>>> print(open('data.txt').read())   # compact mmCIF, N, CA and C atoms
# COMPACT_ATOMS: atom_id res chain seq x y z
N HIS A 1 78.01 15.06 8.36
CA HIS A 1 79.01 16.08 8.10
C HIS A 1 78.96 16.47 6.63
N GLY A 2 79.20 17.75 6.34
CA GLY A 2 79.07 18.27 4.99
C GLY A 2 80.07 17.75 3.99
N ASN A 3 81.07 17.03 4.41
CA ASN A 3 82.09 16.56 3.48
C ASN A 3 81.74 15.22 2.84
N SER A 4 80.54 14.68 3.12
CA SER A 4 80.20 13.35 2.61
C SER A 4 80.28 13.27 1.09
N GLY A 5 79.90 14.32 0.40
CA GLY A 5 79.98 14.32 -1.06
C GLY A 5 81.42 14.27 -1.53
N GLU A 6 82.32 14.93 -0.79
CA GLU A 6 83.73 14.91 -1.15
C GLU A 6 84.31 13.51 -0.94
N GLU A 7 83.93 12.86 0.17
CA GLU A 7 84.46 11.53 0.46
C GLU A 7 84.04 10.53 -0.61
N ALA A 8 82.83 10.70 -1.15
CA ALA A 8 82.34 9.79 -2.18
C ALA A 8 83.21 9.87 -3.44
N HIS A 9 83.87 11.00 -3.65
CA HIS A 9 84.74 11.18 -4.81
C HIS A 9 86.21 10.97 -4.46
N GLY A 10 86.47 10.45 -3.25
CA GLY A 10 87.85 10.18 -2.85
C GLY A 10 88.65 11.42 -2.54
N MET A 11 87.99 12.54 -2.25
CA MET A 11 88.70 13.78 -1.98
C MET A 11 88.31 14.34 -0.61
N SER A 12 88.37 13.54 0.43
CA SER A 12 87.96 14.03 1.74
C SER A 12 88.94 15.08 2.23
N LEU A 13 88.42 16.02 2.98
CA LEU A 13 89.23 17.09 3.55
C LEU A 13 89.81 16.63 4.88
N PRO A 14 90.99 17.10 5.21
CA PRO A 14 91.54 16.80 6.54
C PRO A 14 90.60 17.35 7.61
N SER A 15 90.60 16.72 8.76
CA SER A 15 89.74 17.14 9.86
C SER A 15 89.93 18.62 10.17
N GLY A 16 88.82 19.33 10.35
CA GLY A 16 88.88 20.75 10.70
C GLY A 16 88.89 21.68 9.51
N LEU A 17 89.13 21.17 8.30
CA LEU A 17 89.15 22.03 7.12
C LEU A 17 87.78 22.07 6.46
N THR A 18 87.45 23.21 5.92
CA THR A 18 86.21 23.42 5.19
C THR A 18 86.56 23.96 3.81
N ARG A 19 85.77 23.63 2.83
CA ARG A 19 86.00 24.09 1.47
C ARG A 19 84.87 25.03 1.07
N ALA A 20 85.23 26.14 0.45
CA ALA A 20 84.24 27.11 -0.04
C ALA A 20 84.54 27.41 -1.50
N THR A 21 83.48 27.67 -2.25
CA THR A 21 83.59 28.04 -3.66
C THR A 21 82.87 29.36 -3.86
N VAL A 22 83.52 30.30 -4.55
CA VAL A 22 82.90 31.59 -4.86
C VAL A 22 83.01 31.85 -6.36
N ASN A 23 82.03 32.56 -6.87
CA ASN A 23 82.05 33.02 -8.24
C ASN A 23 81.98 34.54 -8.19
N VAL A 24 83.08 35.19 -8.57
CA VAL A 24 83.19 36.64 -8.47
C VAL A 24 83.30 37.23 -9.87
N ARG A 25 82.56 38.28 -10.11
CA ARG A 25 82.64 39.01 -11.39
C ARG A 25 83.47 40.26 -11.18
N VAL A 26 84.56 40.39 -11.93
CA VAL A 26 85.43 41.55 -11.84
C VAL A 26 85.48 42.26 -13.18
N LEU A 27 85.74 43.55 -13.13
CA LEU A 27 85.89 44.34 -14.34
C LEU A 27 87.25 44.03 -14.94
N ASP A 28 87.26 43.41 -16.12
CA ASP A 28 88.51 42.98 -16.75
C ASP A 28 89.15 44.10 -17.54
N ASP A 29 88.33 44.88 -18.24
CA ASP A 29 88.85 45.97 -19.06
C ASP A 29 87.98 47.21 -18.80
N PRO A 30 88.41 48.11 -17.92
CA PRO A 30 87.60 49.28 -17.57
C PRO A 30 87.24 50.16 -18.76
N ASP A 31 88.07 50.16 -19.80
CA ASP A 31 87.80 50.99 -20.96
C ASP A 31 86.63 50.47 -21.80
N HIS A 32 86.32 49.18 -21.68
CA HIS A 32 85.28 48.59 -22.51
C HIS A 32 84.19 47.90 -21.70
N ASP A 33 84.16 48.10 -20.38
CA ASP A 33 83.17 47.46 -19.51
C ASP A 33 83.11 45.96 -19.72
N ASP A 34 84.26 45.34 -19.92
CA ASP A 34 84.32 43.88 -20.06
C ASP A 34 84.50 43.25 -18.68
N PHE A 35 83.64 42.28 -18.39
CA PHE A 35 83.70 41.61 -17.10
C PHE A 35 84.25 40.20 -17.26
N LEU A 36 84.85 39.73 -16.19
CA LEU A 36 85.41 38.39 -16.15
C LEU A 36 84.87 37.70 -14.91
N ASP A 37 84.34 36.49 -15.08
CA ASP A 37 83.87 35.71 -13.95
C ASP A 37 85.01 34.81 -13.49
N ARG A 38 85.26 34.82 -12.19
CA ARG A 38 86.29 33.96 -11.62
C ARG A 38 85.65 33.01 -10.62
N LEU A 39 85.73 31.73 -10.90
CA LEU A 39 85.23 30.70 -10.01
C LEU A 39 86.43 30.12 -9.28
N GLU A 40 86.44 30.26 -7.95
CA GLU A 40 87.59 29.81 -7.17
C GLU A 40 87.13 28.95 -6.00
N VAL A 41 87.94 27.97 -5.67
CA VAL A 41 87.71 27.08 -4.54
C VAL A 41 88.89 27.22 -3.60
N SER A 42 88.60 27.27 -2.31
CA SER A 42 89.68 27.34 -1.34
C SER A 42 89.26 26.64 -0.06
N GLU A 43 90.25 26.30 0.74
CA GLU A 43 90.00 25.64 2.02
C GLU A 43 90.44 26.56 3.14
N GLY A 44 89.89 26.30 4.33
CA GLY A 44 90.26 27.09 5.49
C GLY A 44 89.85 26.41 6.77
N GLN A 45 90.22 27.00 7.87
CA GLN A 45 89.87 26.49 9.18
C GLN A 45 88.46 26.98 9.51
N GLY A 46 87.46 26.36 8.92
CA GLY A 46 86.06 26.75 9.10
C GLY A 46 85.56 27.50 7.89
N PRO A 47 84.23 27.69 7.82
CA PRO A 47 83.62 28.29 6.62
C PRO A 47 84.02 29.73 6.35
N VAL A 48 84.22 30.54 7.38
CA VAL A 48 84.56 31.95 7.16
C VAL A 48 85.99 32.07 6.63
N ASP A 49 86.90 31.31 7.19
CA ASP A 49 88.28 31.31 6.69
C ASP A 49 88.32 30.81 5.25
N ALA A 50 87.55 29.75 4.95
CA ALA A 50 87.50 29.22 3.59
C ALA A 50 86.94 30.25 2.62
N LEU A 51 85.87 30.95 3.02
CA LEU A 51 85.29 32.00 2.17
C LEU A 51 86.29 33.13 1.93
N ALA A 52 86.95 33.57 3.00
CA ALA A 52 87.94 34.65 2.86
C ALA A 52 89.07 34.24 1.93
N ASN A 53 89.55 33.01 2.07
CA ASN A 53 90.62 32.53 1.20
C ASN A 53 90.17 32.45 -0.25
N ALA A 54 88.93 31.99 -0.48
CA ALA A 54 88.41 31.88 -1.86
C ALA A 54 88.22 33.27 -2.47
N LEU A 55 87.70 34.21 -1.68
CA LEU A 55 87.53 35.58 -2.18
C LEU A 55 88.88 36.20 -2.55
N LYS A 56 89.85 36.01 -1.68
CA LYS A 56 91.18 36.55 -1.93
C LYS A 56 91.78 35.94 -3.19
N LYS A 57 91.62 34.63 -3.33
CA LYS A 57 92.15 33.92 -4.51
C LYS A 57 91.51 34.45 -5.79
N ALA A 58 90.22 34.78 -5.73
CA ALA A 58 89.50 35.28 -6.91
C ALA A 58 89.84 36.74 -7.22
N LEU A 59 90.11 37.53 -6.20
CA LEU A 59 90.26 38.97 -6.39
C LEU A 59 91.71 39.46 -6.54
N VAL A 60 92.67 38.77 -5.95
CA VAL A 60 94.06 39.24 -5.99
C VAL A 60 94.62 39.38 -7.42
N PRO A 61 94.27 38.48 -8.36
CA PRO A 61 94.81 38.69 -9.72
C PRO A 61 94.43 40.05 -10.32
N SER A 62 93.24 40.55 -10.02
CA SER A 62 92.81 41.87 -10.52
C SER A 62 93.19 42.99 -9.57
N HIS A 63 93.32 42.66 -8.29
CA HIS A 63 93.58 43.67 -7.25
C HIS A 63 94.68 43.18 -6.32
N PRO A 64 95.94 43.24 -6.78
CA PRO A 64 97.06 42.69 -6.00
C PRO A 64 97.21 43.31 -4.61
N GLU A 65 96.68 44.52 -4.43
CA GLU A 65 96.77 45.17 -3.12
C GLU A 65 96.04 44.36 -2.04
N LEU A 66 95.11 43.49 -2.45
CA LEU A 66 94.40 42.65 -1.48
C LEU A 66 95.29 41.56 -0.88
N SER A 67 96.45 41.32 -1.47
CA SER A 67 97.34 40.32 -0.90
C SER A 67 97.84 40.76 0.48
N ASN A 68 97.74 42.06 0.79
CA ASN A 68 98.14 42.59 2.09
C ASN A 68 97.03 42.47 3.14
N LEU A 69 95.85 42.01 2.72
CA LEU A 69 94.69 41.95 3.61
C LEU A 69 94.78 40.74 4.53
N GLN A 70 94.53 40.98 5.80
CA GLN A 70 94.56 39.91 6.80
C GLN A 70 93.34 40.04 7.71
N LEU A 71 92.67 38.93 7.97
CA LEU A 71 91.58 38.91 8.95
C LEU A 71 92.21 38.67 10.30
N ILE A 72 91.93 39.55 11.25
CA ILE A 72 92.58 39.40 12.55
C ILE A 72 91.61 39.06 13.68
N ASP A 73 90.30 39.23 13.45
CA ASP A 73 89.34 38.85 14.48
C ASP A 73 87.98 38.60 13.84
N TYR A 74 87.25 37.66 14.42
CA TYR A 74 85.91 37.28 13.95
C TYR A 74 85.06 37.04 15.18
N LYS A 75 83.98 37.80 15.31
CA LYS A 75 83.10 37.67 16.47
C LYS A 75 81.66 37.47 16.02
N VAL A 76 80.96 36.62 16.74
CA VAL A 76 79.55 36.34 16.44
C VAL A 76 78.74 36.57 17.70
N ARG A 77 77.60 37.21 17.56
CA ARG A 77 76.69 37.38 18.69
C ARG A 77 75.27 37.10 18.22
N ILE A 78 74.55 36.31 19.01
CA ILE A 78 73.14 36.03 18.73
C ILE A 78 72.34 37.17 19.35
N LEU A 79 71.57 37.88 18.53
CA LEU A 79 70.88 39.08 19.00
C LEU A 79 69.55 38.80 19.69
N ASP A 80 68.87 37.75 19.30
CA ASP A 80 67.58 37.41 19.92
C ASP A 80 67.53 35.91 20.22
N PRO A 81 68.24 35.48 21.28
CA PRO A 81 68.38 34.05 21.57
C PRO A 81 67.05 33.33 21.78
N GLU A 82 66.01 34.05 22.16
CA GLU A 82 64.71 33.41 22.34
C GLU A 82 64.13 32.89 21.03
N SER A 83 64.67 33.33 19.90
CA SER A 83 64.20 32.87 18.60
C SER A 83 64.85 31.56 18.16
N ALA A 84 65.74 31.03 18.98
CA ALA A 84 66.42 29.75 18.73
C ALA A 84 67.11 29.77 17.36
N THR A 85 66.79 28.82 16.50
CA THR A 85 67.49 28.71 15.21
C THR A 85 67.11 29.81 14.23
N ARG A 86 66.08 30.58 14.50
CA ARG A 86 65.69 31.71 13.64
C ARG A 86 66.30 33.02 14.13
N ALA A 87 67.18 32.95 15.12
CA ALA A 87 67.75 34.15 15.74
C ALA A 87 68.60 34.94 14.75
N ALA A 88 68.55 36.25 14.91
CA ALA A 88 69.42 37.13 14.13
C ALA A 88 70.84 37.02 14.68
N THR A 89 71.80 36.94 13.78
CA THR A 89 73.20 36.79 14.14
C THR A 89 73.96 38.03 13.68
N ARG A 90 74.74 38.61 14.59
CA ARG A 90 75.59 39.75 14.22
C ARG A 90 77.03 39.24 14.11
N VAL A 91 77.63 39.52 12.98
CA VAL A 91 79.02 39.13 12.74
C VAL A 91 79.86 40.40 12.63
N MET A 92 80.97 40.40 13.35
CA MET A 92 81.94 41.50 13.26
C MET A 92 83.28 40.88 12.84
N ILE A 93 83.88 41.45 11.80
CA ILE A 93 85.18 40.98 11.34
C ILE A 93 86.14 42.15 11.33
N GLU A 94 87.30 41.95 11.96
CA GLU A 94 88.33 42.97 11.97
C GLU A 94 89.40 42.59 10.96
N PHE A 95 89.78 43.55 10.14
CA PHE A 95 90.76 43.38 9.07
C PHE A 95 91.99 44.25 9.36
N LYS A 96 93.08 43.87 8.71
CA LYS A 96 94.30 44.66 8.80
C LYS A 96 95.02 44.62 7.46
N ASP A 97 95.50 45.77 7.03
CA ASP A 97 96.40 45.84 5.89
C ASP A 97 97.80 45.72 6.47
N VAL A 98 98.47 44.59 6.19
CA VAL A 98 99.77 44.33 6.82
C VAL A 98 100.87 45.27 6.33
N GLU A 99 100.65 45.90 5.19
CA GLU A 99 101.65 46.85 4.69
C GLU A 99 101.53 48.21 5.37
N SER A 100 100.28 48.73 5.48
CA SER A 100 100.07 50.06 6.07
C SER A 100 99.74 50.00 7.56
N ASN A 101 99.43 48.81 8.08
CA ASN A 101 99.00 48.61 9.47
C ASN A 101 97.63 49.21 9.76
N GLU A 102 96.91 49.65 8.72
CA GLU A 102 95.55 50.17 8.92
C GLU A 102 94.64 49.02 9.32
N LYS A 103 93.73 49.29 10.28
CA LYS A 103 92.76 48.28 10.72
C LYS A 103 91.36 48.84 10.54
N TRP A 104 90.41 47.96 10.24
CA TRP A 104 89.00 48.33 10.15
C TRP A 104 88.13 47.14 10.49
N THR A 105 86.89 47.45 10.87
CA THR A 105 85.95 46.41 11.27
C THR A 105 84.67 46.57 10.45
N THR A 106 84.12 45.45 10.02
CA THR A 106 82.84 45.45 9.32
C THR A 106 81.85 44.62 10.13
N VAL A 107 80.57 44.96 9.97
CA VAL A 107 79.51 44.31 10.73
C VAL A 107 78.37 43.95 9.77
N SER A 108 77.78 42.79 9.99
CA SER A 108 76.61 42.39 9.21
C SER A 108 75.67 41.59 10.12
N VAL A 109 74.38 41.73 9.87
CA VAL A 109 73.37 40.99 10.63
C VAL A 109 72.48 40.24 9.67
N ASP A 110 72.24 38.96 9.98
CA ASP A 110 71.36 38.12 9.16
C ASP A 110 70.92 36.95 10.02
N ARG A 111 69.84 36.32 9.65
CA ARG A 111 69.40 35.12 10.36
C ARG A 111 70.24 33.90 9.95
N ASN A 112 70.97 34.03 8.86
CA ASN A 112 71.87 32.98 8.38
C ASN A 112 73.30 33.42 8.67
N ILE A 113 74.01 32.67 9.51
CA ILE A 113 75.35 33.07 9.93
C ILE A 113 76.34 33.12 8.76
N ILE A 114 76.16 32.25 7.77
CA ILE A 114 77.06 32.28 6.61
C ILE A 114 76.81 33.53 5.78
N SER A 115 75.53 33.91 5.59
CA SER A 115 75.22 35.14 4.86
C SER A 115 75.77 36.36 5.59
N ALA A 116 75.58 36.41 6.90
CA ALA A 116 76.12 37.53 7.68
C ALA A 116 77.63 37.58 7.55
N SER A 117 78.28 36.44 7.63
CA SER A 117 79.74 36.38 7.52
C SER A 117 80.21 36.82 6.14
N LEU A 118 79.56 36.31 5.10
CA LEU A 118 79.93 36.68 3.74
C LEU A 118 79.75 38.18 3.51
N ASN A 119 78.64 38.73 3.97
CA ASN A 119 78.40 40.17 3.79
C ASN A 119 79.47 41.00 4.50
N ALA A 120 79.86 40.59 5.71
CA ALA A 120 80.90 41.32 6.44
C ALA A 120 82.25 41.17 5.73
N LEU A 121 82.53 39.99 5.18
CA LEU A 121 83.76 39.78 4.41
C LEU A 121 83.81 40.69 3.19
N VAL A 122 82.71 40.69 2.42
CA VAL A 122 82.67 41.51 1.20
C VAL A 122 82.84 42.98 1.54
N ASP A 123 82.16 43.45 2.60
CA ASP A 123 82.32 44.84 3.01
C ASP A 123 83.78 45.14 3.37
N GLY A 124 84.44 44.21 4.03
CA GLY A 124 85.84 44.41 4.39
C GLY A 124 86.76 44.46 3.19
N PHE A 125 86.50 43.58 2.22
CA PHE A 125 87.30 43.59 0.99
C PHE A 125 87.05 44.88 0.21
N GLU A 126 85.78 45.31 0.14
CA GLU A 126 85.46 46.55 -0.58
C GLU A 126 86.11 47.75 0.09
N TYR A 127 86.12 47.77 1.43
CA TYR A 127 86.77 48.86 2.14
C TYR A 127 88.26 48.90 1.80
N ALA A 128 88.88 47.72 1.72
CA ALA A 128 90.30 47.65 1.37
C ALA A 128 90.56 48.23 -0.02
N LEU A 129 89.57 48.17 -0.89
CA LEU A 129 89.71 48.67 -2.25
C LEU A 129 89.16 50.09 -2.42
N LYS A 130 88.78 50.73 -1.33
CA LYS A 130 88.18 52.07 -1.42
C LYS A 130 89.07 53.00 -2.24
N GLY A 131 88.45 53.74 -3.10
CA GLY A 131 89.19 54.66 -3.93
C GLY A 131 89.86 54.02 -5.14
N ILE A 132 89.85 52.69 -5.21
CA ILE A 132 90.49 52.00 -6.33
C ILE A 132 89.44 51.43 -7.27
N VAL A 133 88.41 50.82 -6.69
CA VAL A 133 87.39 50.11 -7.46
C VAL A 133 86.01 50.63 -7.08
N ALA A 134 85.16 50.81 -8.07
CA ALA A 134 83.82 51.31 -7.79
C ALA A 134 82.91 50.23 -7.22
N ASN A 135 83.01 48.98 -7.71
CA ASN A 135 82.06 47.96 -7.28
C ASN A 135 82.61 46.56 -7.51
N CYS A 136 82.08 45.61 -6.75
CA CYS A 136 82.43 44.20 -6.86
C CYS A 136 81.20 43.41 -6.46
N ALA A 137 80.83 42.41 -7.24
CA ALA A 137 79.62 41.63 -6.93
C ALA A 137 79.96 40.15 -6.84
N ILE A 138 79.40 39.51 -5.83
CA ILE A 138 79.57 38.07 -5.69
C ILE A 138 78.29 37.42 -6.20
N ASP A 139 78.44 36.54 -7.18
CA ASP A 139 77.28 35.91 -7.81
C ASP A 139 76.78 34.71 -7.03
N GLU A 140 77.65 33.83 -6.64
CA GLU A 140 77.22 32.59 -6.00
C GLU A 140 78.17 32.20 -4.91
N LEU A 141 77.63 31.45 -3.98
CA LEU A 141 78.44 30.88 -2.92
C LEU A 141 78.02 29.44 -2.74
N PHE A 142 79.00 28.56 -2.65
CA PHE A 142 78.70 27.18 -2.30
C PHE A 142 79.74 26.75 -1.30
N ASP A 143 79.30 26.36 -0.14
CA ASP A 143 80.18 25.93 0.93
C ASP A 143 79.82 24.49 1.26
N ASP A 144 80.80 23.60 1.22
CA ASP A 144 80.54 22.17 1.41
C ASP A 144 79.94 21.84 2.76
N ASP A 145 80.13 22.68 3.77
CA ASP A 145 79.51 22.40 5.06
C ASP A 145 78.01 22.69 5.04
N PHE A 146 77.55 23.36 4.02
CA PHE A 146 76.14 23.69 3.88
C PHE A 146 75.70 23.26 2.49
N GLU A 147 75.63 21.95 2.28
CA GLU A 147 75.40 21.38 0.97
C GLU A 147 74.20 22.00 0.27
N GLY A 148 74.42 22.41 -0.95
CA GLY A 148 73.35 22.94 -1.77
C GLY A 148 72.98 24.38 -1.46
N TYR A 149 73.67 25.02 -0.55
CA TYR A 149 73.34 26.40 -0.18
C TYR A 149 73.90 27.34 -1.23
N HIS A 150 73.04 28.17 -1.77
CA HIS A 150 73.46 29.18 -2.76
C HIS A 150 72.91 30.52 -2.34
N MET A 151 73.65 31.55 -2.68
CA MET A 151 73.18 32.93 -2.45
C MET A 151 72.81 33.51 -3.80
>>> encode(input="data.txt", output="structure tokens")
Amino acid sequence: HGNSGEEAHGMSLPSGLTRATVNVRVLDDPDHDDFLDRLEVSEGQGPVDALANALKKALVPSHPELSNLQLIDYKVRILDPESATRAATRVMIEFKDVESNEKWTTVSVDRNIISASLNALVDGFEYALKGIVANCAIDELFDDDFEGYHM
């Protein structure tokens, strides 16, 4: 199980929880093109929930409107099952702005389910910020269930 490193440090996660770490670069001062890197760690019910929570934690200080963002559905489909573990995975995530009740869905395909999930999450967060922010980049991802995995 991916939490073995945490247990060695006396910080095991409760059963069913996953921890994700993201490093997000946000524009701190638009007038001077100053960027700020935010490294955040969060837990969730599985890797996608943990990633979403970490992204929200990193982005809400600069973009408080994201506090209204809610993930309401997550679907995965294997597109070429004959490829076994090399199969392409399609991830669909449905979002809702709880203040406006607007809903939208993002889709990503990758052979790595975490990459597909992260890409769909980022697209959903960017859609929520449409018209407010020009760009947002995620530098690194580390998820304890996938030890040593970096993007």
>>> atom_distance(input="data.txt", atom1="atom N of Leu69 in chain A", atom2="atom N of Ala116 in chain A")
21.4 Å
>>> atom_distance(input="data.txt", atom1="CA of Val109 in chain A", atom2="CA of Ala87 in chain A")
10.2 Å
>>> residues_around(input="data.txt", residues="Val76 in chain A", least_positions_apart="6", cutoff="6 Å", atoms="all atoms listed in the file", output="count of residues only")
3
>>> select_by_dssp(input="data.txt", residues="range 65-145 of chain A", states="strand (DSSP E or B)", output="PyMOL selection string")
chain A and resi 69-78+89-97+103-110+137-143
>>> atom_distance(input="data.txt", atom1="CA of Val122 in chain A", atom2="atom C of Thr85 in chain A")
23.4 Å
>>> residues_near_point(input="data.txt", point="(93.2, 48.2, 12.8)", cutoff="12 Å", atoms="only C-alpha atoms", output="ChimeraX atom specification")
/A:69-73,93-106,124,128
>>> closest_residue(input="data.txt", among="A:Val107, A:Leu51, A:Asn112, A:Asp28", to="Arg86 in chain A", atoms="all atoms listed in the file")
A:Asn112
>>> decode(input="data.txt", residues="range 25-53 of chain A", atoms="C-alpha atoms", output="PDB file, in the first residue's frame")
ATOM      1  CA  ARG A  25       2.197  28.637  -9.700  1.00  0.00           C
ATOM      2  CA  VAL A  26      -0.212  31.576  -9.535  1.00  0.00           C
ATOM      3  CA  LEU A  27       0.138  35.158 -10.679  1.00  0.00           C
ATOM      4  CA  ASP A  28       0.669  37.087  -7.441  1.00  0.00           C
ATOM      5  CA  ASP A  29       0.878  40.610  -8.848  1.00  0.00           C
ATOM      6  CA  PRO A  30      -0.634  41.015 -12.342  1.00  0.00           C
ATOM      7  CA  ASP A  31       0.901  44.483 -12.709  1.00  0.00           C
ATOM      8  CA  HIS A  32       4.450  43.137 -12.363  1.00  0.00           C
ATOM      9  CA  ASP A  33       4.147  39.521 -13.615  1.00  0.00           C
ATOM     10  CA  ASP A  34       5.182  38.259 -10.190  1.00  0.00           C
ATOM     11  CA  PHE A  35       4.425  34.599  -9.618  1.00  0.00           C
ATOM     12  CA  LEU A  36       3.954  32.723  -6.388  1.00  0.00           C
ATOM     13  CA  ASP A  37       4.443  28.978  -5.986  1.00  0.00           C
ATOM     14  CA  ARG A  38       2.025  27.287  -3.611  1.00  0.00           C
ATOM     15  CA  LEU A  39       2.846  23.810  -2.352  1.00  0.00           C
ATOM     16  CA  GLU A  40      -0.217  22.240  -0.744  1.00  0.00           C
ATOM     17  CA  VAL A  41      -1.030  18.843   0.721  1.00  0.00           C
ATOM     18  CA  SER A  42      -4.544  17.548   1.173  1.00  0.00           C
ATOM     19  CA  GLU A  43      -6.378  14.324   1.883  1.00  0.00           C
ATOM     20  CA  GLY A  44      -9.461  12.848   0.290  1.00  0.00           C
ATOM     21  CA  GLN A  45     -11.500   9.750  -0.336  1.00  0.00           C
ATOM     22  CA  GLY A  46      -9.180   8.434  -3.056  1.00  0.00           C
ATOM     23  CA  PRO A  47      -6.559  10.092  -5.256  1.00  0.00           C
ATOM     24  CA  VAL A  48      -8.918  12.250  -7.341  1.00  0.00           C
ATOM     25  CA  ASP A  49     -10.669  13.699  -4.292  1.00  0.00           C
ATOM     26  CA  ALA A  50      -7.266  14.327  -2.669  1.00  0.00           C
ATOM     27  CA  LEU A  51      -5.994  16.070  -5.826  1.00  0.00           C
ATOM     28  CA  ALA A  52      -9.134  18.213  -6.082  1.00  0.00           C
ATOM     29  CA  ASN A  53      -8.852  19.205  -2.421  1.00  0.00           C
TER      30      ASN A  53
END
